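Colleague: Got protein12.txt for you, compact mmCIF, C-alpha atoms:
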```txt
# COMPACT_ATOMS: atom_id res chain seq x y z
CA MET A 46 42.72 13.25 -12.23
CA ARG A 47 40.62 16.28 -13.01
CA ALA A 48 37.54 17.08 -15.01
CA TYR A 49 38.12 19.29 -17.99
CA GLU A 50 36.07 20.78 -20.74
CA VAL A 51 37.83 21.52 -24.01
CA MET A 52 36.16 23.70 -26.58
CA VAL A 53 37.55 23.49 -30.10
CA ILE A 54 36.68 25.76 -33.00
CA LEU A 55 37.49 24.21 -36.35
CA ASP A 56 37.82 25.56 -39.84
CA PRO A 57 34.38 25.92 -41.50
CA ASP A 58 35.72 24.46 -44.76
CA LEU A 59 35.93 21.01 -43.20
CA GLU A 60 33.20 18.47 -43.80
CA GLU A 61 31.04 18.41 -40.72
CA ARG A 62 30.74 14.63 -40.56
CA THR A 63 34.53 14.13 -40.66
CA VAL A 64 34.91 16.29 -37.55
CA ALA A 65 33.95 13.69 -34.96
CA PRO A 66 36.32 10.92 -36.20
CA SER A 67 39.29 13.25 -36.66
CA LEU A 68 38.71 14.76 -33.23
CA ASP A 69 38.66 11.26 -31.84
CA THR A 70 42.17 10.53 -33.08
CA TYR A 71 43.39 13.48 -31.05
CA LEU A 72 41.57 12.21 -28.00
CA ASN A 73 43.57 8.98 -28.13
CA VAL A 74 46.32 10.79 -26.25
CA VAL A 75 43.91 11.15 -23.35
CA ARG A 76 42.92 7.49 -23.36
CA LYS A 77 46.53 6.39 -23.69
CA ASP A 78 47.55 8.31 -20.57
CA GLY A 79 44.83 6.79 -18.46
CA GLY A 80 42.22 9.48 -18.82
CA SER A 81 38.68 9.04 -20.03
CA VAL A 82 36.60 10.92 -22.54
CA GLU A 83 33.14 11.52 -21.14
CA LYS A 84 31.35 13.32 -23.91
CA VAL A 85 32.04 14.67 -27.37
CA ASP A 86 29.51 17.21 -28.52
CA VAL A 87 29.81 18.60 -32.04
CA TRP A 88 27.65 21.71 -32.25
CA GLY A 89 28.20 22.11 -35.97
CA ARG A 90 28.65 25.28 -37.98
CA ARG A 91 28.06 28.47 -36.10
CA ARG A 92 28.57 32.15 -36.73
CA LEU A 93 31.49 33.67 -34.86
CA ALA A 94 30.99 36.88 -32.93
CA TYR A 95 34.11 38.23 -34.61
CA GLU A 96 36.40 37.00 -37.36
CA ILE A 97 39.15 34.52 -36.52
CA ASN A 98 41.82 34.14 -39.22
CA LYS A 99 39.43 35.77 -41.71
CA ASN A 100 36.73 33.18 -41.01
CA SER A 101 33.30 34.40 -40.06
CA GLU A 102 32.05 30.90 -39.24
CA GLY A 103 33.43 27.96 -37.35
CA ILE A 104 32.59 24.39 -36.40
CA TYR A 105 32.25 24.14 -32.64
CA ALA A 106 32.97 21.03 -30.64
CA VAL A 107 32.93 20.55 -26.88
CA VAL A 108 34.75 17.63 -25.27
CA GLU A 109 34.32 16.67 -21.65
CA LEU A 110 37.09 14.53 -20.22
CA GLN A 111 38.86 13.34 -17.11
CA ALA A 112 42.64 13.50 -17.27
CA GLU A 113 45.87 14.55 -15.66
CA PRO A 114 46.88 18.19 -16.13
CA ALA A 115 49.92 17.25 -18.24
CA THR A 116 47.76 15.16 -20.57
CA VAL A 117 45.38 18.01 -21.25
CA LYS A 118 48.28 20.33 -21.88
CA GLU A 119 49.63 17.92 -24.47
CA LEU A 120 46.19 17.58 -26.09
CA ASP A 121 45.87 21.35 -26.25
CA ARG A 122 49.34 21.62 -27.80
CA GLN A 123 48.61 19.00 -30.45
CA LEU A 124 45.30 20.62 -31.34
CA SER A 125 46.86 24.04 -31.70
CA LEU A 126 49.47 22.63 -34.10
CA ASN A 127 46.70 21.62 -36.48
CA GLU A 128 46.03 24.23 -39.15
CA SER A 129 42.33 23.50 -39.32
CA VAL A 130 41.84 24.27 -35.62
CA LEU A 131 41.02 27.93 -35.27
CA ARG A 132 40.94 28.04 -31.50
CA THR A 133 40.95 25.86 -28.42
CA LYS A 134 39.96 26.61 -24.88
CA VAL A 135 40.43 24.41 -21.84
CA ILE A 136 38.13 25.01 -18.90
CA ARG A 137 37.76 23.37 -15.54
CA PRO A 138 34.05 23.65 -14.90
CA ASP A 139 34.04 22.50 -11.29
CA VAL A 140 36.53 25.00 -9.87
CA ARG A 141 35.09 26.74 -6.80
CA MET B 31 12.48 75.87 -3.93
CA ALA B 32 13.13 72.72 -5.82
CA LYS B 33 12.40 69.82 -3.64
CA PRO B 34 14.98 67.08 -3.82
CA VAL B 35 13.38 64.07 -5.35
CA LEU B 36 13.37 61.31 -2.84
CA ARG B 37 13.49 58.05 -4.67
CA LYS B 38 13.54 54.82 -2.84
CA PRO B 39 15.19 52.34 -5.15
CA LYS B 40 13.54 49.00 -5.25
CA LYS B 41 15.94 46.40 -3.97
CA LYS B 42 16.62 43.87 -6.68
CA VAL B 43 17.22 40.27 -5.79
CA CYS B 44 20.04 38.52 -7.54
CA GLN B 45 18.39 36.17 -10.03
CA PHE B 46 21.10 33.54 -9.62
CA CYS B 47 20.70 33.45 -5.85
CA LYS B 48 16.97 33.12 -6.33
CA GLU B 49 17.45 30.10 -8.59
CA LYS B 50 20.35 28.80 -6.50
CA VAL B 51 22.74 28.61 -9.44
CA SER B 52 26.23 27.51 -8.49
CA TYR B 53 27.92 27.67 -11.90
CA VAL B 54 27.32 30.21 -14.63
CA ASP B 55 27.93 28.45 -17.94
CA TYR B 56 29.93 30.40 -20.52
CA LYS B 57 28.21 28.43 -23.31
CA ASP B 58 24.75 29.73 -22.42
CA THR B 59 24.83 32.78 -24.65
CA THR B 60 21.14 33.56 -24.42
CA LEU B 61 21.50 33.96 -20.67
CA LEU B 62 24.76 35.92 -20.87
CA ARG B 63 23.38 38.25 -23.51
CA LYS B 64 21.07 39.65 -20.88
CA PHE B 65 24.12 40.88 -19.00
CA ILE B 66 25.86 42.71 -21.82
CA SER B 67 24.83 45.97 -23.42
CA ASP B 68 24.15 46.30 -27.14
CA ARG B 69 27.70 47.55 -27.44
CA GLY B 70 28.93 44.27 -25.97
CA LYS B 71 29.96 45.71 -22.62
CA ILE B 72 29.25 43.90 -19.38
CA ARG B 73 26.39 45.54 -17.50
CA ALA B 74 27.14 46.97 -14.10
CA ARG B 75 25.93 45.41 -10.90
CA ARG B 76 23.60 48.29 -10.15
CA VAL B 77 21.91 47.59 -13.47
CA THR B 78 21.74 43.82 -13.30
CA GLY B 79 20.99 43.61 -9.59
CA ASN B 80 23.28 40.62 -9.14
CA CYS B 81 25.05 39.92 -5.89
CA VAL B 82 28.81 40.42 -5.76
CA GLN B 83 29.69 36.77 -6.19
CA HIS B 84 27.32 36.08 -9.04
CA GLN B 85 28.23 39.29 -10.85
CA ARG B 86 31.81 38.07 -10.77
CA ASP B 87 30.78 34.66 -12.09
CA VAL B 88 28.82 36.30 -14.88
CA ALA B 89 31.77 38.52 -15.75
CA THR B 90 34.15 35.56 -16.01
CA ALA B 91 31.61 33.61 -18.05
CA VAL B 92 31.21 36.53 -20.46
CA LYS B 93 34.98 36.85 -20.79
CA ASN B 94 35.33 33.13 -21.47
CA ALA B 95 32.55 33.30 -24.04
CA ARG B 96 34.33 36.20 -25.73
CA GLU B 97 37.51 34.17 -26.07
CA VAL B 98 35.71 31.48 -28.04
CA ALA B 99 33.82 34.02 -30.17
CA LEU B 100 30.42 33.22 -28.73
CA LEU B 101 30.03 36.83 -27.62
CA PRO B 102 31.58 39.92 -29.18
CA TYR B 103 34.30 41.99 -27.56
CA THR B 104 32.73 45.00 -29.22
CA SER B 105 29.83 45.34 -31.55
CA THR B 106 29.58 48.33 -33.80
CA ALA B 107 25.87 48.89 -33.41
CA ARG B 108 25.50 52.66 -33.90
```
How would this structure read if it were set down as structure tokens?
Modeller:
Amino acid sequence: MRAYEVMVILDPDLEERTVAPSLDTYLNVVRKDGGSVEKVDVWGRRRLAYEINKNSEGIYAVVELQAEPATVKELDRQLSLNESVLRTKVIRPDVR
Amino acid sequence: MAKPVLRKPKKKVCQFCKEKVSYVDYKDTTLLRKFISDRGKIRARRVTGNCVQHQRDVATAVKNAREVALLPYTSTAR
């Protein structure tokens, strides 16, 4: 079990209040495989430093979780399949 | 007879060592912005005065922040 931090940038055309529930459905894969979701932090709409897929804004969300490496890989894969997810980044904050 | 200018550089103390920071957060853009130039480039160690280890941490944090569009890869100021 390892601690991970997943940052997700979502399409700015989404409704901001639907973000948290829809993100939660993706996180079920973590709970199902015995991991735990520590914190879900939706930052809201934010300007991007450069355009991603012709979008100059994005909805940021940061998820902290404990899970097996394979579980996080699967979560990352499923998120990247979603069209409304502009970018994901998985980080292990406690390395070193 | 130009005299060579003797300049004793003031030794900078790494600000992360001073505050005993163990992890440089890539989400803290206000902090990281102090370590990039207005062109978006990472400032050198002789400019920032960081120690080797913390300069490396800052560099990785900046690169991570760039990947998630929190900081620019380049900015076309001027």
Colleague: Would you please work out which residue, of A:Asp139, A:Met52, A:Met46, A:Pro57, is nearest to A:Ile97 when using all atoms listed in the file?
Modeller: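 Closest to A:Ile97, using all atoms listed in the file: A:Pro57.
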Colleague: Could you please tell me, as a list in words, which residues of chain A have an atom within 7 Å of chain B when using all atoms listed in the file?
Modeller: Leu93, Ala94 and Tyr95 of chain A
Colleague: From the options A:Val51, A:Ala65, A:Ile104, A:Val75, which residue's atoms come nearest to A:Ile136, counting all atoms listed in the file?
Modeller: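 Going through A:Val51, A:Ala65, A:Ile104, A:Val75 one by one, the smallest distance to A:Ile136 is for A:Val51.
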Colleague: Given all atoms listed in the file as the basis, pick out the residue of A:Lys77, A:Ser129, A:Thr63, A:Val135 nearest to A:Pro114.
Modeller: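 Among the listed residues, A:Val135 lies closest to A:Pro114.
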Colleague: When you draw a straight line from atom CA of A:Asp86 to atom CA of A:Tyr105, how long is it in Å?
Modeller: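 The value is 8.5 Å.
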Colleague: Atom CA of A:Asp78 and atom CA of A:Glu61 are how many Å apart?
Modeller: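 We find that atom CA of A:Asp78 and atom CA of A:Glu61 lie 27.9 Å from each other.
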Colleague: Could you list, as an NGL selection string, every residue within 10 Å of B:Ala74, counting all atoms listed in the file and ignoring same-chain residues fewer than 6 positions away?
Modeller: :B and (65-67 or 80 or 85 or 89)
Colleague: Report, in Å to a single decimal, how far apart atom CA of A:Gly89 and atom CA of B:Phe46 are.
Modeller: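 For atom CA of B:Phe46 relative to atom CA of A:Gly89, the distance reads 29.6 Å.
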Colleague: Using only C-alpha atoms, can you list as a PyMOL selection string the residues within 12 Å of (27.9, 45.2, -12.9)?
Modeller: chain B and resi 44+64-67+71-90+92
Colleague: So which residues touch A:Arg47 within 7 Å, counting all atoms listed in the file, skipping near sequence neighbours fewer than 2 positions away, as an mmCIF file with C-alpha atoms, keeping the file's coordinate frame?
Modeller:
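Listing of result-v5.cif after writing:
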```
data_model
loop_
_atom_site.group_PDB
_atom_site.id
_atom_site.type_symbol
_atom_site.label_atom_id
_atom_site.label_comp_id
_atom_site.auth_asym_id
_atom_site.auth_seq_id
_atom_site.Cartn_x
_atom_site.Cartn_y
_atom_site.Cartn_z
ATOM 1 C CA TYR A 49 38.120 19.290 -17.990
ATOM 2 C CA GLN A 111 38.860 13.340 -17.110
ATOM 3 C CA ALA A 112 42.640 13.500 -17.270
ATOM 4 C CA GLU A 113 45.870 14.550 -15.660
#
```
Colleague: Listed atoms of stretch 77-91 of chain B, axis-aligned box, 8 Å per side: centre and edge lengths to one decimal in Å, as lines of an AutoDock Vina configuration file?
Modeller:
```
center_x = 27.6
center_y = 40.6
center_z = -11.9
size_x = 29.2
size_y = 30.0
size_z = 28.3
```
Colleague: Counting only C-alpha atoms, write as a list in words all protein and nucleic acid residues lying at most 9 Å from (32.6, 26.8, -40.8) in the file's frame.
Modeller: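 Output: Ile54, Leu55, Asp56, Pro57, Asp58, Leu59, Glu60, Glu61, Gly89, Arg90, Arg91, Arg92, Asn100, Ser101, Glu102, Gly103, Ile104 and Tyr105 of chain A.
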